[in-house]
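Take a look at the structure below.
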Amino acid sequence: MANKKLMLGMAAVALTFALIMGSCNKDDDDSPGRTLDGTWEYSGTTYAMRMICSGSNWQMKFKADDAEYEDSKKGTYTLDGNAITFTTTHVFEDDAWEPADETETAAATLSDDGNSFQMPQGDLGTLTFVKQ
């Protein structure tokens with residue numbers, strides 16, 4: 001009987017530990033800076049971009065001057081610490097989403113407070129997207 005109580009107690013401790021560790025996921029929505037879910041915007045002098053993220057997916061909208069936002073690209077992303085890798089899977093052409101001809105990736109860095117990320121763009125410099 002003592003062995004059964006000991007085993008039951010150990011099982012309860014193991015279950016409690018598993019529940020606590022499972023709730024400590026650093027990518028949890030309650031952990032600031034560890035998710036990209038939401039809308040992010042970059043505003044340049046002649047154009048702007050809006051990125052909408054949900055789960056591990058993203059969609060980019062682009063607008064020039066005072067025009068309306070138009071669909072541009074979409075894909076998936078991974079977040080490893082503050083390092084973000086965006087992968088383009090589709091482009092918007094002829095009023096429809098089409099699979100991307102080539103796999104295109106872009107690297108970005110999430111700020112420590114989780115409110116912005118920076119994406120180097122070659123000759124354009126580094127674009128800063130701010131969470132809305």
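Here, A, B, ... name the chains of the structure tokens in the order displayed, residue numbers run from 1 inside each chain, and ligands are numbered from 1 in the same displayed order.
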- Would you list the contacts of Gln59 in chain A as a PyMOL selection string, taking every protein, DNA or RNA residue within 12 Å and counting only C-alpha atoms, but skipping same-chain residues closer than 4 positions in sequence? chain A and resi 36-41+49-55+69-77+86-92+97
Store the residues picked out above, limited to C-alpha atoms, as a PDB file, in the first residue's frame.
ATOM      1  CA  LEU A  36       4.624  38.306 -34.893  1.00  0.00           C
ATOM      2  CA  ASP A  37       0.817  37.990 -34.843  1.00  0.00           C
ATOM      3  CA  GLY A  38      -0.737  41.299 -35.881  1.00  0.00           C
ATOM      4  CA  THR A  39      -0.178  44.076 -38.389  1.00  0.00           C
ATOM      5  CA  TRP A  40       3.253  45.616 -39.053  1.00  0.00           C
ATOM      6  CA  GLU A  41       3.878  48.735 -41.163  1.00  0.00           C
ATOM      7  CA  MET A  49       4.231  48.243 -46.886  1.00  0.00           C
ATOM      8  CA  ARG A  50       1.901  46.457 -44.524  1.00  0.00           C
ATOM      9  CA  MET A  51       2.629  42.944 -43.287  1.00  0.00           C
ATOM     10  CA  ILE A  52      -0.118  40.924 -41.615  1.00  0.00           C
ATOM     11  CA  CYS A  53       1.081  37.926 -39.583  1.00  0.00           C
ATOM     12  CA  SER A  54      -0.973  35.128 -38.113  1.00  0.00           C
ATOM     13  CA  GLY A  55       0.418  31.901 -36.714  1.00  0.00           C
ATOM     14  CA  TYR A  69      -2.841  48.980 -50.354  1.00  0.00           C
ATOM     15  CA  GLU A  70      -2.599  46.115 -52.874  1.00  0.00           C
ATOM     16  CA  ASP A  71      -1.743  42.447 -52.270  1.00  0.00           C
ATOM     17  CA  SER A  72       1.885  41.664 -53.089  1.00  0.00           C
ATOM     18  CA  LYS A  73       3.359  38.490 -51.539  1.00  0.00           C
ATOM     19  CA  LYS A  74       2.605  35.917 -48.884  1.00  0.00           C
ATOM     20  CA  GLY A  75       4.318  33.001 -47.240  1.00  0.00           C
ATOM     21  CA  THR A  76       5.527  31.555 -43.968  1.00  0.00           C
ATOM     22  CA  TYR A  77       7.986  32.659 -41.318  1.00  0.00           C
ATOM     23  CA  PHE A  86      10.415  35.071 -44.067  1.00  0.00           C
ATOM     24  CA  THR A  87       9.834  32.645 -46.959  1.00  0.00           C
ATOM     25  CA  THR A  88       7.746  33.751 -49.951  1.00  0.00           C
ATOM     26  CA  THR A  89       5.430  31.026 -51.222  1.00  0.00           C
ATOM     27  CA  HIS A  90       3.003  33.051 -53.393  1.00  0.00           C
ATOM     28  CA  VAL A  91       2.902  36.318 -55.339  1.00  0.00           C
ATOM     29  CA  PHE A  92      -0.185  38.269 -56.356  1.00  0.00           C
ATOM     30  CA  TRP A  97      -2.393  34.384 -55.879  1.00  0.00           C
TER      31      TRP A  97
END
- Task: Can you work out the spacing between CA of Ala67 in chain A and CA of Ser43 in chain A in Å, to one decimal?
- Result: 13.1 Å
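Distance annotation: of A:Ala64, A:Gly44, A:Ala100, A:Thr35, the residue with the minimal separation from Lys131 in chain A is A:Thr35; atom set is only C-alpha atoms.
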- So, counting only C-alpha atoms, which residue among A:Gln132, A:Lys61, A:Glu93, A:Ala83 is closest to Gln118 in chain A?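 Among the listed residues, the smallest separation from Gln118 in chain A belongs to A:Ala83.
Every protein or nucleic acid residue with an atom no more than 12 Å from range 107-109 of chain A, counting only C-alpha atoms and leaving out same-chain residues fewer than 6 positions away, appears here: Gly33, Arg34, Leu36, Tyr77, Thr78, Leu79, Asp80, Gly81, Asn82, Ala83, Ile84, Thr85, Phe86, Thr87, Thr88, Asn115, Ser116, Phe117, Gln118, Met119, Pro120, Gln121, Gly122, Thr126, Leu127, Thr128 and Phe129 of chain A.
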- Tell me, in Å to one decimal, how far CA of Phe62 in chain A is from CA of Tyr42 in chain A. 9.6 Å
